[in-house]
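Participant: Let me begin by handing over the structure; questions about it come next.
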Amino acid sequence: MPRRHSSNKRSRNEPSDGQSGSAAMTDSPSQRYRSFSLRRDYERTSAARFARLLPFELDDFQIQANTALEEGQNVLVAAPTGAGKTVIADFAVFLAQENNVKAFYTTPIKALSNQKYHDLCAVYGSDRVGLLTGDTSINAHADIIVMTTEVLRNMLYEHSSDLHALRYVILDEVHYLADRFRGPVWEEVIIHLPRNVRIVGLSATVSNVEDFSQWISSVRGETRLVVSEKRPVPLEQHVLVQRDEHSEPEIIDLYQRGSDGGQSATLNAGLIHRLDQLDHVAARIHGPQGRRGRGHRDERGHQPQRHTPRRWAVVDELNYLGMLPGIYFIFSRNGCDQAVEQCITMGLELTTDEEVTRIRGIVDSMIEGQLSHEDLKALHFSRFRFALEEGFAAHHAGMISLFRQIVERLFEEGLVKMVFATETLALGINMPARCVVVEKLEKFDGTGHVALTPGEFTQLTGRAGRRGIDTIGHAVVVDHRGFLPATAAALSSKRVYPLHSSFKPTFNMAVNLLHSNSYETARDTLDHSFAQWEANESAWQLESRIRTLDEAVHGYEQAFHCEHGDFKELMTIRLQLSELQKDARRELKHKAFQSQAERTRAFRELDRRIADLRERDRDHPCRRCPDLALHLTWGHRWIREQRELDRARDRYDSRTGSVARQFDSICDILDSLGYLIRSDGAARDYRLTERGELLRHLYSEQDLVLAQSLASHQFDDLGAAQLACVLSGLVYQSRHGSGGEPGYYPGGPRGPIAQAVARMRAIASTIGALREDHGLDPLEPLDFSAVDIIYEWAEGASLGSVLKDTELTGGDFVRSAKRLADVLQQVASAKNYLGSNPSLAATAHTAQTLINRGVVAYSGVD
């Protein structure tokens with residue numbers, strides 16, 4: 001049974017003391033500066049004035065970064081979570097205020113924007129701070145504006161007047177540019193910001209941060225890289241094991257302890273020995289009469305597994321050892337919710353009566369006036385609040401933002417003691433804990449189970465250790481199927497993962513570039529992307545390989561020189577013949593033909609080419625050479641090296657100018673569809689048509705599908721609710737990948753909604769074929785499975801009603817509805833480019849109003 005509030009037990013496996021107390025003080029400025037003159041000069045700077053306003057002394061890396069920023073350099077700061085990177089961002093805002101210029105603070109997610117907005121309001125006052133997150137606009141022309149990165153990207157493309165006085169841009173979590181879907185926005189911003197704007201990039205300690213810094217220097221000018229790999233609170237690694245469900249869990253160090261009492265870099269032999277013992281126990285328990293040995297496998301071929309500790313037992317043990325508050329990472333929304341229920345069912349209580357009263361007051365004050373009683377009932381609010389009062393909470397994207405904000409506040413105030421979270425919590429939100437629990441070292445990525453990367457593991461465990469409260473943070477991995485201590489050790493290194501670009505040109509990006517630039521200038525701009533910079537770096541490495549292979553091929557050509565004819569020609573014929581017989585025939589076998597007759601013609605043409613080459617081989621004059629066998633020996637080596645040389649050249653060509661070539665393909669598609677027109681018949685001197693201007697204002701991932709649908713008047717006969725539900729197909733994504741069809745089509749399977757859906761699918765199919773023909777990656781298919789849900793919501797149905805009998809969570813619905821409202825707002829704003837039906841803009845505006853109500857309209861900044 002749970003121990004419940006036990007607090008005086010000590011164990012040999014318990015982590016060393018250091019659970020609380022003040023963080024170690026840093027050296028004083030006088031110790032850092034040996035030269036009196038340098039110290040005197042520094043004391044006169046804005047950086048020194050800013051430092052004197054803080055209640056703590058700055059670390060070396062913070063002083064270095066602030067000094068570089070004041071000297072007019074761009075700054076890239078790479079440091080662990082909780083190290084104090086935001087101090088540099090705060091100094092950039094301070095500098096902007098001192099110099100009467102603007103500063104923008106960008107974040108990857110709205111939750112971070114809301115949090116930073118409140119922080120800055122507390123310092124500078126709400127009249128001087130603004131917030132722009134797409135669906136929220138507060139004090140939009142303030143001198144300090146917090147925004148999502150997409151908002152800044154759109155401002156740059158629209159040449160907003162608010163950019164005129166802009167001098168500092170903070171890019172928080174800048175390593176997010178590796179994100180497959182939203183990452184390219186960071187590169188667009190870095191490339192397009194005015195040259196007089198200084199960038200402050202805040203990054204995790206990625207392994208190739210020097211490369212990233214060099215790229216920023218190449219596009220932005222002088223950039224100071226400041227790296228700190230020192231955690232402000234040391235982190236200790238542990239493993240939690242349990243013999244069986246009737247025994248107590250054990251926390252064992254992952255690493256040996258050194259003479260100073262701290263963990264070393266050597267794996268703990270005691271842990272390995274204990275896991276070996278538990279393997280024997282598992283084999284004995286699962287074998288008949290306990291006689292089966294360690295190598296025994298069950299009827300499915302599985303070796304008996306050690307007992308996996310229950311989640312509630314893990315929490316109970318951590319509470320017993322005084323290691324809470326904690327964050328328990330479970331890579332499943334349902335798993336997080338189930339963990340809360342399991343803890344409550346087992347009777348765990350982590351709060352005092354006084355804390356329960358405080359929790360109830362905070363929750364009720366945050367809920368008051370925000371949601372209706374019916375909405376709260378649909379969201380199971382009473383169960384949510386009861387769990388909070390017991391000290392537990394889940395935190396994942398399936399929850400509405402208000403509930404997540406309640407959890408974050410209560411955890412920050414030390415009232416909620418254990419949060420079960422998915423990995424999204426690791427992204428920048430200020431929720432440090434005494435310990436972090438990682439349930440497994442693998443997760444489901446939507447297609448299959450994949451191992452955690454060192455970067456992901458470090459991002460998760462970086463939450464452990466509260467600066468100024470804990471002197472040690474604890475990362476606990478729960479023993480699970482297939483767990484090996486060496487795997488956990490490999491994940492916990494310092495320089496953890498490389499940062500690679502996810503940048504690819506889009507249709508919207510292309511027309512925005514061409515709106516104010518010539519084709520050559522736009523192409524040159526894309527050549528400056530980090531994606532192209534990385535490609536060029538790897539291409540340069542291929543150059544020496546190409547030179548070496550070229551020399552080898554030339555040497556073989558000299559060796560097989562033949563007086564009877566061109567022996568290189570003979571070997572080229574044989575090389576082509578080999579490729580046709582293998583590769584070409586294999587490709588035809590797997591190619592999809594429109595008819596059997598077309599397939600037959602293709603294979604006949606291949607057979608004809610093969611026969612022609614065989615005849616040329618048979619009749620070649622070099623076949624009569626008496627030294628043919630010797631020449632063929634060199635010739636076969638020539639073929640091997642020539643193939644490798646061709647592959648190396650193909651790789652080189654694919655990398656140099658690869659981003660610009662994608663841009664060329666996009667322009668070709670836009671030209672063919674009437675979005676671009678060539679000026680005076682020039683080959684590549686484009687200007688935008690009215691369709692191009694329309695596309696310029698549409699930022700959906702399916703931007704061209706939406707633009708084509710609007711330009712071809714596919715929605716002219718739809719009402720507001722009908723338009724909303726049809727456009728949901730652009731933004732909605734089924735979590736299980738089985739979407740596509742709604743429960744029913746409002747108006748029937750042949751009604752206007754179903755017909756509009758069919759037309760959009762046809763347009764998407766056409767664009768998909770064009771992308772494939774031009775070598776562009778395919779997009780996700782449109783997903784119309786929420787059409788009925790969105791229609792009912794737009795028609796005024798309650799939240800409980802639309803979620804009934806669906807797998808949608810409140811958070812999923814709200815997020816999709818907000819994204820849909822954003823798309824509808826884009827259509828409404830493009831009224832000047834809707835051709836013969838400008839009234840569609842009014843319909844879109846009405847639809848946006850219908851969608852953006854109730855729980856969807858909640859901004860989360862009150």
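The way I read the labels, and the way they are meant: chains A, B, ... in the order of the structure tokens, residue 1 as the first residue of every chain, and ligand 1 as the first ligand shown, with later ones counted on from there.
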Tell me, as a count of residues only, which residues lie within 9 Å of stretch 255-272 of chain A, counting only C-alpha atoms; anything in the same chain fewer than 4 positions away does not count.

Facilitator: 11

Participant: As a ChimeraX atom specification, please: every residue in stretch 325-455 of chain A that a backbone DSSP assignment puts in alpha helix (DSSP H).

Facilitator: /A:333-345,353-367,373-378,381-390,401-412,454-455

Participant: Any chance you could export the current selection's C-alpha atoms as an mmCIF file, in the first residue's frame?

Facilitator:
```cif
data_model
loop_
_atom_site.group_PDB
_atom_site.id
_atom_site.type_symbol
_atom_site.label_atom_id
_atom_site.label_comp_id
_atom_site.auth_asym_id
_atom_site.auth_seq_id
_atom_site.Cartn_x
_atom_site.Cartn_y
_atom_site.Cartn_z
ATOM 1 C CA ARG A 333 -1.618 11.614 -23.641
ATOM 2 C CA ASN A 334 -3.749 8.709 -22.471
ATOM 3 C CA GLY A 335 -0.831 7.485 -20.388
ATOM 4 C CA CYS A 336 -0.618 10.841 -18.610
ATOM 5 C CA ASP A 337 -4.340 10.870 -17.840
ATOM 6 C CA GLN A 338 -4.268 7.247 -16.687
ATOM 7 C CA ALA A 339 -1.301 7.942 -14.388
ATOM 8 C CA VAL A 340 -3.281 10.637 -12.580
ATOM 9 C CA GLU A 341 -6.222 8.276 -12.148
ATOM 10 C CA GLN A 342 -3.953 5.472 -10.911
ATOM 11 C CA CYS A 343 -2.422 7.684 -8.230
ATOM 12 C CA ILE A 344 -5.835 8.843 -7.021
ATOM 13 C CA THR A 345 -7.248 5.305 -7.069
ATOM 14 C CA ASP A 353 -5.159 20.870 3.973
ATOM 15 C CA GLU A 354 -3.732 24.380 3.694
ATOM 16 C CA GLU A 355 -2.416 23.649 0.192
ATOM 17 C CA VAL A 356 -5.781 22.215 -0.848
ATOM 18 C CA THR A 357 -7.456 25.476 0.158
ATOM 19 C CA ARG A 358 -4.898 27.531 -1.791
ATOM 20 C CA ILE A 359 -5.270 25.307 -4.864
ATOM 21 C CA ARG A 360 -9.041 25.619 -4.792
ATOM 22 C CA GLY A 361 -8.853 29.394 -4.580
ATOM 23 C CA ILE A 362 -6.373 29.753 -7.449
ATOM 24 C CA VAL A 363 -8.259 27.367 -9.716
ATOM 25 C CA ASP A 364 -11.615 29.010 -9.103
ATOM 26 C CA SER A 365 -10.182 32.485 -9.715
ATOM 27 C CA MET A 366 -8.602 31.412 -13.025
ATOM 28 C CA ILE A 367 -11.776 29.663 -14.192
ATOM 29 C CA HIS A 373 -20.823 25.495 -16.676
ATOM 30 C CA GLU A 374 -21.711 23.289 -19.653
ATOM 31 C CA ASP A 375 -18.194 23.627 -21.119
ATOM 32 C CA LEU A 376 -16.620 22.787 -17.775
ATOM 33 C CA LYS A 377 -18.776 19.696 -17.515
ATOM 34 C CA ALA A 378 -17.760 18.596 -21.011
ATOM 35 C CA PHE A 381 -13.444 19.982 -14.769
ATOM 36 C CA SER A 382 -14.502 18.573 -11.399
ATOM 37 C CA ARG A 383 -12.249 15.534 -11.829
ATOM 38 C CA PHE A 384 -9.425 17.792 -13.026
ATOM 39 C CA ARG A 385 -9.727 20.017 -9.938
ATOM 40 C CA PHE A 386 -9.958 17.071 -7.540
ATOM 41 C CA ALA A 387 -6.677 15.676 -8.909
ATOM 42 C CA LEU A 388 -5.040 19.092 -8.511
ATOM 43 C CA GLU A 389 -6.150 19.238 -4.887
ATOM 44 C CA GLU A 390 -4.517 15.849 -4.301
ATOM 45 C CA SER A 401 -4.750 25.972 -22.822
ATOM 46 C CA LEU A 402 -6.549 27.301 -19.725
ATOM 47 C CA PHE A 403 -6.199 23.949 -17.961
ATOM 48 C CA ARG A 404 -2.513 23.748 -18.904
ATOM 49 C CA GLN A 405 -1.961 27.269 -17.570
ATOM 50 C CA ILE A 406 -3.614 26.306 -14.283
ATOM 51 C CA VAL A 407 -1.268 23.318 -13.980
ATOM 52 C CA GLU A 408 1.764 25.470 -14.786
ATOM 53 C CA ARG A 409 0.891 28.098 -12.201
ATOM 54 C CA LEU A 410 0.165 25.603 -9.434
ATOM 55 C CA PHE A 411 3.370 23.726 -10.155
ATOM 56 C CA GLU A 412 5.437 26.924 -10.162
ATOM 57 C CA PRO A 454 20.459 12.500 -26.715
ATOM 58 C CA GLY A 455 18.965 15.905 -27.427
#
```

Participant: List the neighbours of A:Gln825 out to 12 Å using only C-alpha atoms; skip same-chain residues closer than 5 positions along the sequence, and give me the result as a list of chain:residue names.

Facilitator: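 Contacts, with the query itself left out: A:Gly134, A:Asp135, A:His697, A:Leu698, A:Tyr699, A:Ser700, A:Ala724, A:Leu727, A:Lys818, A:Arg819, A:Leu820, A:Ala830, A:Lys831, A:Leu840, A:Ala841, A:Ala842, A:Thr843, A:Ala844, A:His845, A:Thr846, A:Ala847, A:Gln848, A:Thr849, A:Leu850, A:Ile851, A:Asn852.
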
Participant: Quote the spacing between atom CA of A:Ala433 and atom CA of A:Thr471 in Å to one decimal place.

Facilitator: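 Atom CA of A:Thr471 lies 11.9 Å from atom CA of A:Ala433.
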
Participant: Residues within 7 Å of stretch 73-86 of chain A, please, as a list in words. Count only C-alpha atoms; anything in the same chain fewer than 5 positions from it doesn't count.

Facilitator: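 Using only C-alpha atoms, the neighbours found are Ala65, Ala68, Arg198, Ile199, Val200, Gly201, Leu202, Ser203, Ala204, Thr205, Ser213, Glu222, Thr223, Arg224, Leu225, Val226, Val227, Ser228, Glu229, Arg231, Pro232, Gly462 and Arg463 of chain A.
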
Participant: Residues as selected, N, CA, C and O atoms, written as a PDB file, in the first residue's frame, can you do that?

Facilitator:
```pdb
ATOM      1  N   ALA A  65      27.911  37.742 -23.199  1.00  0.00           N
ATOM      2  CA  ALA A  65      26.859  37.948 -24.196  1.00  0.00           C
ATOM      3  C   ALA A  65      26.332  39.377 -24.150  1.00  0.00           C
ATOM      4  O   ALA A  65      26.137  40.015 -25.199  1.00  0.00           O
ATOM      5  N   ALA A  68      28.840  41.813 -25.679  1.00  0.00           N
ATOM      6  CA  ALA A  68      28.861  41.712 -27.135  1.00  0.00           C
ATOM      7  C   ALA A  68      27.643  42.388 -27.752  1.00  0.00           C
ATOM      8  O   ALA A  68      27.741  43.070 -28.777  1.00  0.00           O
ATOM      9  N   ARG A 198      19.684  43.736 -34.610  1.00  0.00           N
ATOM     10  CA  ARG A 198      20.560  42.771 -33.959  1.00  0.00           C
ATOM     11  C   ARG A 198      19.716  41.581 -33.486  1.00  0.00           C
ATOM     12  O   ARG A 198      18.627  41.751 -32.942  1.00  0.00           O
ATOM     13  N   ILE A 199      20.264  40.393 -33.660  1.00  0.00           N
ATOM     14  CA  ILE A 199      19.578  39.159 -33.277  1.00  0.00           C
ATOM     15  C   ILE A 199      20.189  38.600 -31.998  1.00  0.00           C
ATOM     16  O   ILE A 199      21.414  38.563 -31.844  1.00  0.00           O
ATOM     17  N   VAL A 200      19.318  38.166 -31.102  1.00  0.00           N
ATOM     18  CA  VAL A 200      19.738  37.423 -29.911  1.00  0.00           C
ATOM     19  C   VAL A 200      19.111  36.036 -30.020  1.00  0.00           C
ATOM     20  O   VAL A 200      17.901  35.876 -29.863  1.00  0.00           O
ATOM     21  N   GLY A 201      19.930  35.035 -30.323  1.00  0.00           N
ATOM     22  CA  GLY A 201      19.440  33.668 -30.451  1.00  0.00           C
ATOM     23  C   GLY A 201      19.719  32.882 -29.185  1.00  0.00           C
ATOM     24  O   GLY A 201      20.856  32.847 -28.707  1.00  0.00           O
ATOM     25  N   LEU A 202      18.690  32.259 -28.624  1.00  0.00           N
ATOM     26  CA  LEU A 202      18.827  31.455 -27.405  1.00  0.00           C
ATOM     27  C   LEU A 202      18.617  29.998 -27.781  1.00  0.00           C
ATOM     28  O   LEU A 202      17.555  29.633 -28.283  1.00  0.00           O
ATOM     29  N   SER A 203      19.639  29.170 -27.550  1.00  0.00           N
ATOM     30  CA  SER A 203      19.600  27.800 -28.044  1.00  0.00           C
ATOM     31  C   SER A 203      20.003  26.819 -26.962  1.00  0.00           C
ATOM     32  O   SER A 203      20.713  27.160 -26.016  1.00  0.00           O
ATOM     33  N   ALA A 204      19.573  25.578 -27.130  1.00  0.00           N
ATOM     34  CA  ALA A 204      20.108  24.489 -26.319  1.00  0.00           C
ATOM     35  C   ALA A 204      21.549  24.237 -26.755  1.00  0.00           C
ATOM     36  O   ALA A 204      22.010  24.757 -27.775  1.00  0.00           O
ATOM     37  N   THR A 205      22.283  23.454 -25.984  1.00  0.00           N
ATOM     38  CA  THR A 205      23.690  23.195 -26.303  1.00  0.00           C
ATOM     39  C   THR A 205      23.783  22.108 -27.372  1.00  0.00           C
ATOM     40  O   THR A 205      24.065  20.946 -27.090  1.00  0.00           O
ATOM     41  N   SER A 213      26.391  29.312 -35.804  1.00  0.00           N
ATOM     42  CA  SER A 213      26.871  30.670 -35.574  1.00  0.00           C
ATOM     43  C   SER A 213      27.549  31.237 -36.814  1.00  0.00           C
ATOM     44  O   SER A 213      27.362  32.405 -37.172  1.00  0.00           O
ATOM     45  N   GLU A 222      28.700  40.317 -38.017  1.00  0.00           N
ATOM     46  CA  GLU A 222      29.458  39.814 -36.882  1.00  0.00           C
ATOM     47  C   GLU A 222      28.539  39.254 -35.796  1.00  0.00           C
ATOM     48  O   GLU A 222      27.619  39.916 -35.335  1.00  0.00           O
ATOM     49  N   THR A 223      28.827  38.033 -35.410  1.00  0.00           N
ATOM     50  CA  THR A 223      27.996  37.327 -34.428  1.00  0.00           C
ATOM     51  C   THR A 223      28.884  36.704 -33.361  1.00  0.00           C
ATOM     52  O   THR A 223      29.833  35.988 -33.684  1.00  0.00           O
ATOM     53  N   ARG A 224      28.596  36.983 -32.098  1.00  0.00           N
ATOM     54  CA  ARG A 224      29.353  36.416 -30.988  1.00  0.00           C
ATOM     55  C   ARG A 224      28.662  35.140 -30.518  1.00  0.00           C
ATOM     56  O   ARG A 224      27.474  35.168 -30.158  1.00  0.00           O
ATOM     57  N   LEU A 225      29.394  34.048 -30.533  1.00  0.00           N
ATOM     58  CA  LEU A 225      28.894  32.789 -30.000  1.00  0.00           C
ATOM     59  C   LEU A 225      29.329  32.658 -28.546  1.00  0.00           C
ATOM     60  O   LEU A 225      30.517  32.752 -28.234  1.00  0.00           O
ATOM     61  N   VAL A 226      28.360  32.449 -27.667  1.00  0.00           N
ATOM     62  CA  VAL A 226      28.645  32.275 -26.243  1.00  0.00           C
ATOM     63  C   VAL A 226      28.072  30.927 -25.819  1.00  0.00           C
ATOM     64  O   VAL A 226      26.862  30.708 -25.912  1.00  0.00           O
ATOM     65  N   VAL A 227      28.954  30.028 -25.382  1.00  0.00           N
ATOM     66  CA  VAL A 227      28.536  28.681 -25.015  1.00  0.00           C
ATOM     67  C   VAL A 227      28.814  28.443 -23.547  1.00  0.00           C
ATOM     68  O   VAL A 227      29.913  28.734 -23.054  1.00  0.00           O
ATOM     69  N   SER A 228      27.833  27.935 -22.847  1.00  0.00           N
ATOM     70  CA  SER A 228      28.018  27.504 -21.454  1.00  0.00           C
ATOM     71  C   SER A 228      27.427  26.110 -21.320  1.00  0.00           C
ATOM     72  O   SER A 228      26.243  25.904 -21.603  1.00  0.00           O
ATOM     73  N   GLU A 229      28.251  25.160 -20.928  1.00  0.00           N
ATOM     74  CA  GLU A 229      27.765  23.795 -20.765  1.00  0.00           C
ATOM     75  C   GLU A 229      27.581  23.432 -19.291  1.00  0.00           C
ATOM     76  O   GLU A 229      27.295  22.291 -18.951  1.00  0.00           O
ATOM     77  N   ARG A 231      25.625  23.328 -15.991  1.00  0.00           N
ATOM     78  CA  ARG A 231      24.292  23.440 -15.409  1.00  0.00           C
ATOM     79  C   ARG A 231      24.363  24.238 -14.116  1.00  0.00           C
ATOM     80  O   ARG A 231      25.267  24.024 -13.302  1.00  0.00           O
ATOM     81  N   PRO A 232      23.434  25.138 -13.875  1.00  0.00           N
ATOM     82  CA  PRO A 232      23.443  25.892 -12.619  1.00  0.00           C
ATOM     83  C   PRO A 232      23.209  24.995 -11.411  1.00  0.00           C
ATOM     84  O   PRO A 232      23.686  25.277 -10.321  1.00  0.00           O
ATOM     85  N   GLY A 462      16.558  18.271 -18.429  1.00  0.00           N
ATOM     86  CA  GLY A 462      17.027  19.618 -18.107  1.00  0.00           C
ATOM     87  C   GLY A 462      16.127  20.355 -17.146  1.00  0.00           C
ATOM     88  O   GLY A 462      16.525  21.366 -16.549  1.00  0.00           O
ATOM     89  N   ARG A 463      14.900  19.880 -16.948  1.00  0.00           N
ATOM     90  CA  ARG A 463      13.969  20.509 -16.019  1.00  0.00           C
ATOM     91  C   ARG A 463      14.314  20.224 -14.560  1.00  0.00           C
ATOM     92  O   ARG A 463      13.752  20.835 -13.656  1.00  0.00           O
TER      93      ARG A 463
END
```

Participant: Give me the residues within 10 Å of A:Leu132 as a list in words, counting only C-alpha atoms and dropping any in the same chain fewer than 6 places off.

Facilitator: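 In the requested form, the answer reads Thr106, Lys110, Ser113, Asn114, Tyr117, Ile138, Asn139, Ala140, His141, Ile145, Val146, Met147, Thr148, Thr149, Glu150, Val151 and Leu152 of chain A.
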
Participant: Output the selection as a PDB file, in the first residue's frame - C-alpha atoms for each residue.

Facilitator:
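The resulting file, selection_28.pdb, is reproduced below:
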```pdb
ATOM      1  CA  THR A 106       9.710  35.769 -30.465  1.00  0.00           C
ATOM      2  CA  LYS A 110       1.857  30.654 -27.749  1.00  0.00           C
ATOM      3  CA  SER A 113       4.590  34.055 -25.603  1.00  0.00           C
ATOM      4  CA  ASN A 114       1.901  34.418 -22.936  1.00  0.00           C
ATOM      5  CA  TYR A 117       4.307  38.793 -21.942  1.00  0.00           C
ATOM      6  CA  ILE A 138      -2.752  43.358 -27.369  1.00  0.00           C
ATOM      7  CA  ASN A 139      -1.083  46.755 -27.698  1.00  0.00           C
ATOM      8  CA  ALA A 140       0.148  45.779 -31.171  1.00  0.00           C
ATOM      9  CA  HIS A 141       2.295  48.913 -31.718  1.00  0.00           C
ATOM     10  CA  ILE A 145       6.194  43.133 -28.396  1.00  0.00           C
ATOM     11  CA  VAL A 146       6.104  39.426 -27.608  1.00  0.00           C
ATOM     12  CA  MET A 147       5.022  37.303 -30.560  1.00  0.00           C
ATOM     13  CA  THR A 148       5.187  33.913 -32.174  1.00  0.00           C
ATOM     14  CA  THR A 149       7.830  33.661 -34.877  1.00  0.00           C
ATOM     15  CA  GLU A 150       5.182  33.261 -37.602  1.00  0.00           C
ATOM     16  CA  VAL A 151       3.759  36.686 -36.748  1.00  0.00           C
ATOM     17  CA  LEU A 152       7.160  38.318 -37.263  1.00  0.00           C
TER      18      LEU A 152
END
```

Participant: Residues of stretch 461-621 of chain A classed as strand (DSSP E) by DSSP on the backbone are to be reported as number ranges by chain.

Facilitator: A: 473-478

Participant: Keeping only N, CA, C and O atoms, write the selected residues to a file as a PDB file, in the first residue's frame.

Facilitator:
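Generated file (out_21.pdb):
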```
ATOM      1  N   GLY A 473      19.830  18.315  -8.898  1.00  0.00           N
ATOM      2  CA  GLY A 473      18.629  17.867  -9.586  1.00  0.00           C
ATOM      3  C   GLY A 473      18.744  16.373  -9.846  1.00  0.00           C
ATOM      4  O   GLY A 473      19.852  15.818  -9.912  1.00  0.00           O
ATOM      5  N   HIS A 474      17.612  15.702  -9.997  1.00  0.00           N
ATOM      6  CA  HIS A 474      17.625  14.248 -10.156  1.00  0.00           C
ATOM      7  C   HIS A 474      16.860  13.852 -11.411  1.00  0.00           C
ATOM      8  O   HIS A 474      15.714  14.268 -11.608  1.00  0.00           O
ATOM      9  N   ALA A 475      17.518  13.045 -12.240  1.00  0.00           N
ATOM     10  CA  ALA A 475      16.875  12.449 -13.407  1.00  0.00           C
ATOM     11  C   ALA A 475      16.728  10.959 -13.133  1.00  0.00           C
ATOM     12  O   ALA A 475      17.716  10.270 -12.855  1.00  0.00           O
ATOM     13  N   VAL A 476      15.505  10.462 -13.213  1.00  0.00           N
ATOM     14  CA  VAL A 476      15.215   9.065 -12.860  1.00  0.00           C
ATOM     15  C   VAL A 476      14.630   8.363 -14.082  1.00  0.00           C
ATOM     16  O   VAL A 476      13.602   8.796 -14.616  1.00  0.00           O
ATOM     17  N   VAL A 477      15.293   7.309 -14.532  1.00  0.00           N
ATOM     18  CA  VAL A 477      14.750   6.469 -15.598  1.00  0.00           C
ATOM     19  C   VAL A 477      14.099   5.258 -14.949  1.00  0.00           C
ATOM     20  O   VAL A 477      14.708   4.587 -14.103  1.00  0.00           O
ATOM     21  N   VAL A 478      12.856   4.978 -15.318  1.00  0.00           N
ATOM     22  CA  VAL A 478      12.139   3.823 -14.767  1.00  0.00           C
ATOM     23  C   VAL A 478      12.551   2.572 -15.547  1.00  0.00           C
ATOM     24  O   VAL A 478      12.577   2.573 -16.782  1.00  0.00           O
TER      25      VAL A 478
END
```

Participant: Give me the residues within 10 Å of A:Leu808 as a list of chain:residue names, counting only C-alpha atoms and dropping any in the same chain fewer than 6 places off.

Facilitator: A:Gly398, A:Ser734, A:Arg735, A:Ala786, A:Ile789, A:Val802, A:Val814
